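Printed here is data28.cif (mmCIF, C-alpha atoms):
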data_structure
#
loop_
_atom_site.label_atom_id
_atom_site.label_comp_id
_atom_site.auth_asym_id
_atom_site.auth_seq_id
_atom_site.Cartn_x
_atom_site.Cartn_y
_atom_site.Cartn_z
CA MET A 2 133.77 175.52 64.37
CA LEU A 3 135.09 175.53 60.81
CA LEU A 4 133.64 172.23 59.56
CA GLU A 5 131.07 169.85 61.03
CA VAL A 6 130.29 166.54 59.36
CA GLN A 7 127.19 164.90 60.81
CA ASN A 8 126.16 161.34 59.86
CA LEU A 9 127.41 161.79 56.30
CA LYS A 10 126.35 159.10 53.85
CA LYS A 11 127.17 158.59 50.21
CA ARG A 12 126.27 155.98 47.63
CA TYR A 13 126.39 156.29 43.87
CA SER A 14 123.12 154.49 43.21
CA SER A 15 120.11 153.45 45.25
CA LYS A 16 120.91 149.89 44.21
CA LEU A 17 124.45 150.04 45.57
CA PRO A 18 125.68 149.95 49.18
CA TYR A 19 126.89 153.10 50.91
CA VAL A 20 130.49 154.03 50.18
CA ILE A 21 130.51 156.10 53.37
CA ASN A 22 127.97 155.48 56.10
CA SER A 23 127.13 157.76 59.06
CA VAL A 24 130.54 159.44 59.23
CA SER A 25 130.77 162.27 61.79
CA PHE A 26 133.67 164.52 62.78
CA SER A 27 134.52 168.19 63.17
CA MET A 28 137.49 170.50 62.84
CA ASP A 29 138.30 174.09 63.68
CA HIS A 30 140.23 176.85 61.97
CA GLY A 31 143.95 176.15 61.87
CA GLU A 32 143.57 172.42 62.55
CA THR A 33 144.82 169.50 60.49
CA VAL A 34 142.54 166.49 60.73
CA GLY A 35 143.36 163.24 58.97
CA ILE A 36 141.25 160.62 57.24
CA PHE A 37 143.33 157.45 57.01
CA GLY A 38 142.50 154.17 55.34
CA GLY A 39 143.33 151.70 52.63
CA SER A 40 142.34 151.81 48.98
CA GLY A 41 138.60 151.73 48.43
CA CYS A 42 137.58 152.52 52.01
CA GLY A 43 135.79 155.75 51.01
CA LYS A 44 138.24 158.37 52.25
CA SER A 45 138.49 160.25 48.94
CA THR A 46 134.71 160.20 48.63
CA ILE A 47 134.47 162.06 51.94
CA GLY A 48 136.83 164.76 50.72
CA GLN A 49 135.19 165.16 47.34
CA THR A 50 131.72 165.30 48.90
CA ILE A 51 132.81 168.05 51.29
CA ALA A 52 134.37 169.87 48.33
CA GLY A 53 131.01 169.81 46.56
CA LEU A 54 132.08 167.48 43.75
CA TYR A 55 129.48 164.93 44.88
CA SER A 56 126.12 165.44 46.53
CA PRO A 57 125.72 163.62 49.85
CA SER A 58 123.16 160.84 50.07
CA GLY A 59 122.39 161.70 53.66
CA GLY A 60 123.60 163.61 56.68
CA THR A 61 124.57 167.23 57.17
CA LEU A 62 127.63 169.34 56.32
CA LEU A 63 128.15 172.66 58.11
CA MET A 64 130.77 175.32 57.42
CA ASN A 65 131.06 178.01 60.09
CA GLY A 66 127.66 176.82 61.27
CA GLN A 67 125.96 177.21 57.88
CA PRO A 68 124.51 174.23 55.96
CA MET A 69 126.64 173.45 52.91
CA ASP A 70 123.82 173.12 50.39
CA ARG A 71 123.73 174.24 46.76
CA ARG A 72 123.07 177.84 47.72
CA TRP A 73 126.04 177.79 50.09
CA TYR A 74 128.41 176.50 47.40
CA ALA A 75 127.14 179.10 44.95
CA ALA A 76 127.97 181.89 47.38
CA HIS A 77 131.03 180.47 49.15
CA ARG A 78 132.69 178.19 46.60
CA ARG A 79 136.07 179.82 47.19
CA SER A 80 136.03 178.80 50.87
CA VAL A 81 136.73 175.11 50.15
CA GLN A 82 139.45 174.00 47.77
CA ILE A 83 140.87 170.56 47.04
CA LEU A 84 144.33 169.34 46.08
CA PHE A 85 144.31 165.98 44.29
CA GLN A 86 146.70 163.04 44.31
CA HIS A 87 147.24 163.51 40.57
CA PRO A 88 147.69 167.27 40.10
CA GLU A 89 147.39 167.01 36.32
CA VAL A 90 143.61 166.52 36.68
CA SER A 91 143.38 170.15 37.83
CA PHE A 92 144.74 171.48 34.53
CA ASP A 93 143.54 171.49 30.95
CA PRO A 94 146.33 169.70 29.02
CA ARG A 95 145.68 171.97 26.01
CA MET A 96 146.34 175.17 27.94
CA THR A 97 149.66 176.66 28.98
CA LEU A 98 150.23 177.02 32.70
CA GLU A 99 150.04 180.80 32.31
CA ASP A 100 146.51 180.53 30.90
CA SER A 101 145.50 178.05 33.60
CA MET A 102 146.82 180.29 36.35
CA ARG A 103 144.85 183.26 35.02
CA GLU A 104 141.53 181.41 35.14
CA PRO A 105 140.79 182.13 38.84
CA TYR A 106 141.34 185.84 38.26
CA HIS A 107 138.75 185.76 35.49
CA PHE A 108 136.16 183.50 37.11
CA TYR A 109 136.25 185.19 40.52
CA ASN A 110 136.87 188.79 39.40
CA ILE A 111 140.22 189.02 41.17
CA PRO A 112 142.27 192.02 39.98
CA PHE A 113 145.27 190.83 37.98
CA ARG A 114 148.50 192.69 38.66
CA PRO A 115 151.47 191.15 36.79
CA ALA A 116 154.13 192.02 39.38
CA GLU A 117 152.05 190.67 42.26
CA HIS A 118 151.18 187.56 40.25
CA LYS A 119 154.86 186.88 39.55
CA ALA A 120 155.78 187.35 43.23
CA TRP A 121 152.91 185.08 44.30
CA LEU A 122 154.07 182.24 42.04
CA ALA A 123 157.65 182.64 43.26
CA ARG A 124 156.45 181.83 46.78
CA PHE A 125 155.54 178.39 45.47
CA GLY A 126 158.75 177.86 43.54
CA ILE A 127 157.12 178.69 40.19
CA TYR A 128 159.02 181.03 37.87
CA PRO A 129 158.47 182.66 34.43
CA GLU A 130 160.22 179.84 32.60
CA HIS A 131 157.47 177.46 33.78
CA MET A 132 154.56 179.51 32.58
CA ASN A 133 154.68 178.92 28.81
CA ARG A 134 154.85 175.18 29.28
CA TYR A 135 151.99 172.68 29.25
CA PRO A 136 151.10 170.44 32.23
CA ALA A 137 152.79 167.38 30.71
CA GLU A 138 156.07 169.32 30.57
CA LEU A 139 156.33 169.83 34.35
CA SER A 140 157.39 167.37 37.02
CA GLY A 141 154.86 166.09 39.52
CA GLY A 142 156.27 168.31 42.26
CA GLU A 143 156.19 171.41 40.07
CA LEU A 144 152.64 170.73 38.98
CA GLN A 145 151.47 170.13 42.55
CA ARG A 146 153.01 173.43 43.65
CA MET A 147 151.24 175.08 40.72
CA ALA A 148 147.92 173.52 41.77
CA LEU A 149 148.48 174.70 45.34
CA ALA A 150 149.32 178.24 44.20
CA ARG A 151 146.13 178.38 42.13
CA ALA A 152 143.98 177.07 44.98
CA MET A 153 145.46 179.55 47.44
CA LEU A 154 144.68 182.48 45.12
CA LEU A 155 141.09 182.05 46.27
CA SER A 156 141.94 182.50 49.99
CA PRO A 157 140.16 179.32 51.13
CA GLN A 158 139.34 178.58 54.74
CA LEU A 159 139.47 174.81 54.24
CA LEU A 160 141.91 172.95 52.01
CA ILE A 161 141.19 169.28 51.34
CA LEU A 162 144.43 167.40 50.70
CA ASP A 163 143.57 164.17 48.92
CA GLU A 164 146.83 162.16 48.91
CA PRO A 165 148.69 165.31 47.77
CA THR A 166 152.18 163.87 48.09
CA SER A 167 151.74 160.16 47.37
CA MET A 168 152.93 160.46 43.75
CA LEU A 169 155.95 162.64 44.58
CA ASP A 170 159.54 161.79 45.39
CA VAL A 171 160.78 162.31 48.96
CA ILE A 172 162.28 165.75 48.31
CA SER A 173 159.16 167.07 46.57
CA GLN A 174 157.00 165.58 49.31
CA ALA A 175 158.98 167.41 52.00
CA GLN A 176 158.76 170.67 50.05
CA ILE A 177 154.98 170.45 49.74
CA ILE A 178 154.51 169.61 53.44
CA ALA A 179 156.77 172.52 54.50
CA LEU A 180 154.89 174.89 52.21
CA LEU A 181 151.53 173.74 53.54
CA ARG A 182 152.65 174.27 57.13
CA THR A 183 153.85 177.78 56.34
CA LEU A 184 150.55 178.68 54.68
CA GLN A 185 148.58 177.27 57.59
CA ALA A 186 150.61 179.23 60.13
CA GLU A 187 150.14 182.45 58.17
CA GLN A 188 146.46 182.14 57.30
CA GLY A 189 144.87 179.85 59.88
CA LEU A 190 143.77 177.35 57.25
CA GLY A 191 142.02 174.14 58.16
CA PHE A 192 143.44 171.06 56.43
CA LEU A 193 141.59 167.80 55.87
CA PHE A 194 144.48 165.43 55.16
CA ILE A 195 143.44 162.25 53.34
CA SER A 196 146.10 159.57 53.15
CA HIS A 197 146.94 155.86 53.20
CA ASP A 198 150.31 156.69 54.84
CA ILE A 199 149.85 156.49 58.60
CA GLU A 200 153.32 157.77 59.51
CA LEU A 201 152.95 160.85 57.31
CA SER A 202 149.47 161.40 58.74
CA ARG A 203 150.83 161.27 62.28
CA MET A 204 153.50 163.79 61.36
CA VAL A 205 151.09 166.42 60.03
CA CYS A 206 147.77 165.84 61.82
CA GLU A 207 146.40 166.70 65.24
CA ARG A 208 144.06 163.72 65.07
CA ILE A 209 143.34 160.97 62.60
CA HIS A 210 140.06 159.22 61.87
CA HIS A 211 140.69 155.64 60.78
CA LEU A 212 138.19 154.71 58.08
CA GLU A 213 137.24 151.10 57.39
CA ASN A 214 134.55 150.09 54.90
CA GLY A 215 133.06 153.56 54.92
CA VAL A 216 132.81 154.03 58.68
CA ILE A 217 135.16 155.55 61.26
CA ALA A 218 136.56 152.63 63.22
CA GLU A 219 138.66 154.71 65.64
CA THR A 220 140.06 158.18 66.18
CA GLU A 221 143.72 158.68 67.06
CA ASN A 222 145.01 161.82 68.75
CA CYS A 223 148.48 162.87 67.61
CA ARG A 224 151.17 165.23 68.75
CA ARG A 225 152.12 166.80 65.47
CA ALA A 226 155.86 167.19 64.89
CA ALA A 227 157.06 170.74 65.37
CA GLN A 228 157.82 172.71 62.23
CA PRO A 229 161.55 173.20 61.74
CA ALA A 230 162.79 176.73 62.38
#
Kindly transcribe the structure held in the file into structure tokens.
Amino acid sequence: MLLEVQNLKKRYSSKLPYVINSVSFSMDHGETVGIFGGSGCGKSTIGQTIAGLYSPSGGTLLMNGQPMDRRWYAAHRRSVQILFQHPEVSFDPRMTLEDSMREPYHFYNIPFRPAEHKAWLARFGIYPEHMNRYPAELSGGELQRMALARAMLLSPQLLILDEPTSMLDVISQAQIIALLRTLQAEQGLGFLFISHDIELSRMVCERIHHLENGVIAETENCRRAAQPA
């Protein structure tokens, strides 16, 4: 089992109610599992807690059977990556995209080979003319593809998709979904797909957990649409 979430709880203060309360689900390698709900229901908190951005207030997280505690994140941080609704938050606005894209090579001691780097970016529709620009100079779709390319440099096993297409136009949305499906087919990635769009969730997910007021109200099994040839 890739990910097991057992009775997960999160609140931001002992004086405040739980944002998520006793949430449990699991997913395997190569699966796409959805968390669906309206604004403020706690779905993004689930994703960001699994990604290690927040500490859980209770419950257990397991990755490949190992508890996801501080020691786990220190050793396996590359295994879980997150793509945000607003891709600009993933980039320093003062840095060119070239400098931002080189950061993972530096932080994780990945050998940098210019020709391979150029070919890798091209897979995501990113070309040399983009690289000397700053984040504010790219479209939302371009920046989201850049964020995806940077996350995938780390060869994650789990990619948390927190409303990754909600700010994009229809064409850019379709491009991102097609790219995600290709990457999943090639690498056996698990996707946790967080969305307020139920039709999109049904299109990409095997099952969807409907979240209401921080708890899973129901789970819907889906027949994901086949990927176009």
I need the output of the PyMOL selection byres ((chain A and resi 74) around 12) for this file as an MDAnalysis selection string; which residues are they? chainID A and resid 50:56 62:64 67:73 75:82
Selection dump of the PyMOL selection byres ((chain A and resi 206) around 8), as JSON, numbers by chain: {"A": [32, 33, 34, 35, 194, 202, 203, 204, 205, 207, 208, 209, 223, 224, 225]}
Please determine, counting only C-alpha atoms, which residue among A:Tyr19, A:Leu160, A:Ser58, A:Ile111 has the shortest atom-to-atom distance to A:Arg182.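 Going through A:Tyr19, A:Leu160, A:Ser58, A:Ile111 one by one, the smallest distance to A:Arg182 is for A:Leu160.
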For this file, the PyMOL selection byres ((chain A and resi 112-118) around 12) selects which residues, as a ChimeraX atom specification? /A:99,102-111,119-125,127-129,132,150-151,154-155
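Across the structure, atom CA of A:Lys11 and atom CA of A:Asp198 are spaced 23.7 Å apart.
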Using all atoms listed in the file, list the residues that have an atom at most 9 Å from (155.6, 165.2, 48.7), coordinates as in the file, as an mmCIF file with C-alpha atoms, keeping the file's coordinate frame.
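In the end it all went to result.cif:
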data_model
loop_
_atom_site.group_PDB
_atom_site.id
_atom_site.type_symbol
_atom_site.label_atom_id
_atom_site.label_comp_id
_atom_site.auth_asym_id
_atom_site.auth_seq_id
_atom_site.Cartn_x
_atom_site.Cartn_y
_atom_site.Cartn_z
ATOM 1 C CA GLY A 142 156.270 168.310 42.260
ATOM 2 C CA GLN A 145 151.470 170.130 42.550
ATOM 3 C CA PRO A 165 148.690 165.310 47.770
ATOM 4 C CA THR A 166 152.180 163.870 48.090
ATOM 5 C CA SER A 167 151.740 160.160 47.370
ATOM 6 C CA MET A 168 152.930 160.460 43.750
ATOM 7 C CA LEU A 169 155.950 162.640 44.580
ATOM 8 C CA ASP A 170 159.540 161.790 45.390
ATOM 9 C CA VAL A 171 160.780 162.310 48.960
ATOM 10 C CA ILE A 172 162.280 165.750 48.310
ATOM 11 C CA SER A 173 159.160 167.070 46.570
ATOM 12 C CA GLN A 174 157.000 165.580 49.310
ATOM 13 C CA ALA A 175 158.980 167.410 52.000
ATOM 14 C CA GLN A 176 158.760 170.670 50.050
ATOM 15 C CA ILE A 177 154.980 170.450 49.740
ATOM 16 C CA ILE A 178 154.510 169.610 53.440
#
Interatomic distance (Å, one decimal) between atom CA of A:Leu184 and atom CA of A:Pro88: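 About the pair atom CA of A:Leu184 and atom CA of A:Pro88: they are 18.7 Å apart.
Picture a line from atom CA of A:Pro136 to atom CA of A:Asp100; it runs 11.2 Å.
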Skip stretch 40-47 of chain A itself and residues of its chain fewer than 5 positions away, then list as a PDB file with C-alpha atoms, in the frame of the given file all residues within 6 Å of it, counting only C-alpha atoms.
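Writing the result to part22.pdb gives the following:
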ATOM      1  CA  VAL A  20     130.490 154.030  50.180  1.00  0.00           C
ATOM      2  CA  ILE A  21     130.510 156.100  53.370  1.00  0.00           C
ATOM      3  CA  GLU A 213     137.240 151.100  57.390  1.00  0.00           C
ATOM      4  CA  ASN A 214     134.550 150.090  54.900  1.00  0.00           C
ATOM      5  CA  GLY A 215     133.060 153.560  54.920  1.00  0.00           C
TER       6      GLY A 215
END
Go ahead and fit an axis-aligned box to every listed atom of stretch 45-63 of chain A plus 3 Å each side, and pass me the centre and edge lengths in Å, one decimal, as AutoDock Vina command-line options.
--center_x 130.4 --center_y 166.4 --center_z 50.9 --size_x 22.1 --size_y 18.5 --size_z 20.4
Looking at all atoms listed in the file, which of A:His131, A:His197, A:His87, A:His211 is the one that sits closest to A:Gly39?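 Closest candidate: A:His197.
Distance annotation: of A:Asn22, A:Ser14, A:Ile83, A:Phe37, the residue with the minimal separation from A:Glu221 is A:Phe37; atom set is all atoms listed in the file.
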Any idea what's packed within 6 Å of A:Val6, counting all atoms listed in the file, ignoring anything in its chain fewer than 6 positions away? Could you give it as a PyMOL selection string? chain A and resi 25-27+62
From A:Asn65, A:Thr220, A:Leu144, A:Gly126, residue lying nearest A:Pro94 [all atoms listed in the file]: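 For A:Pro94, the nearest of the given residues is A:Leu144.
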Nearest residue to A:Glu219 from the set A:Ile161, A:Ile36, A:Leu3, A:Ala186 (distances using all atoms listed in the file):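 Closest to A:Glu219, using all atoms listed in the file: A:Ile36.
With distances restricted to all atoms listed in the file, A:Leu193 is the closest residue to A:Gln158 from A:Val216, A:Leu17, A:Ala137, A:Leu193.
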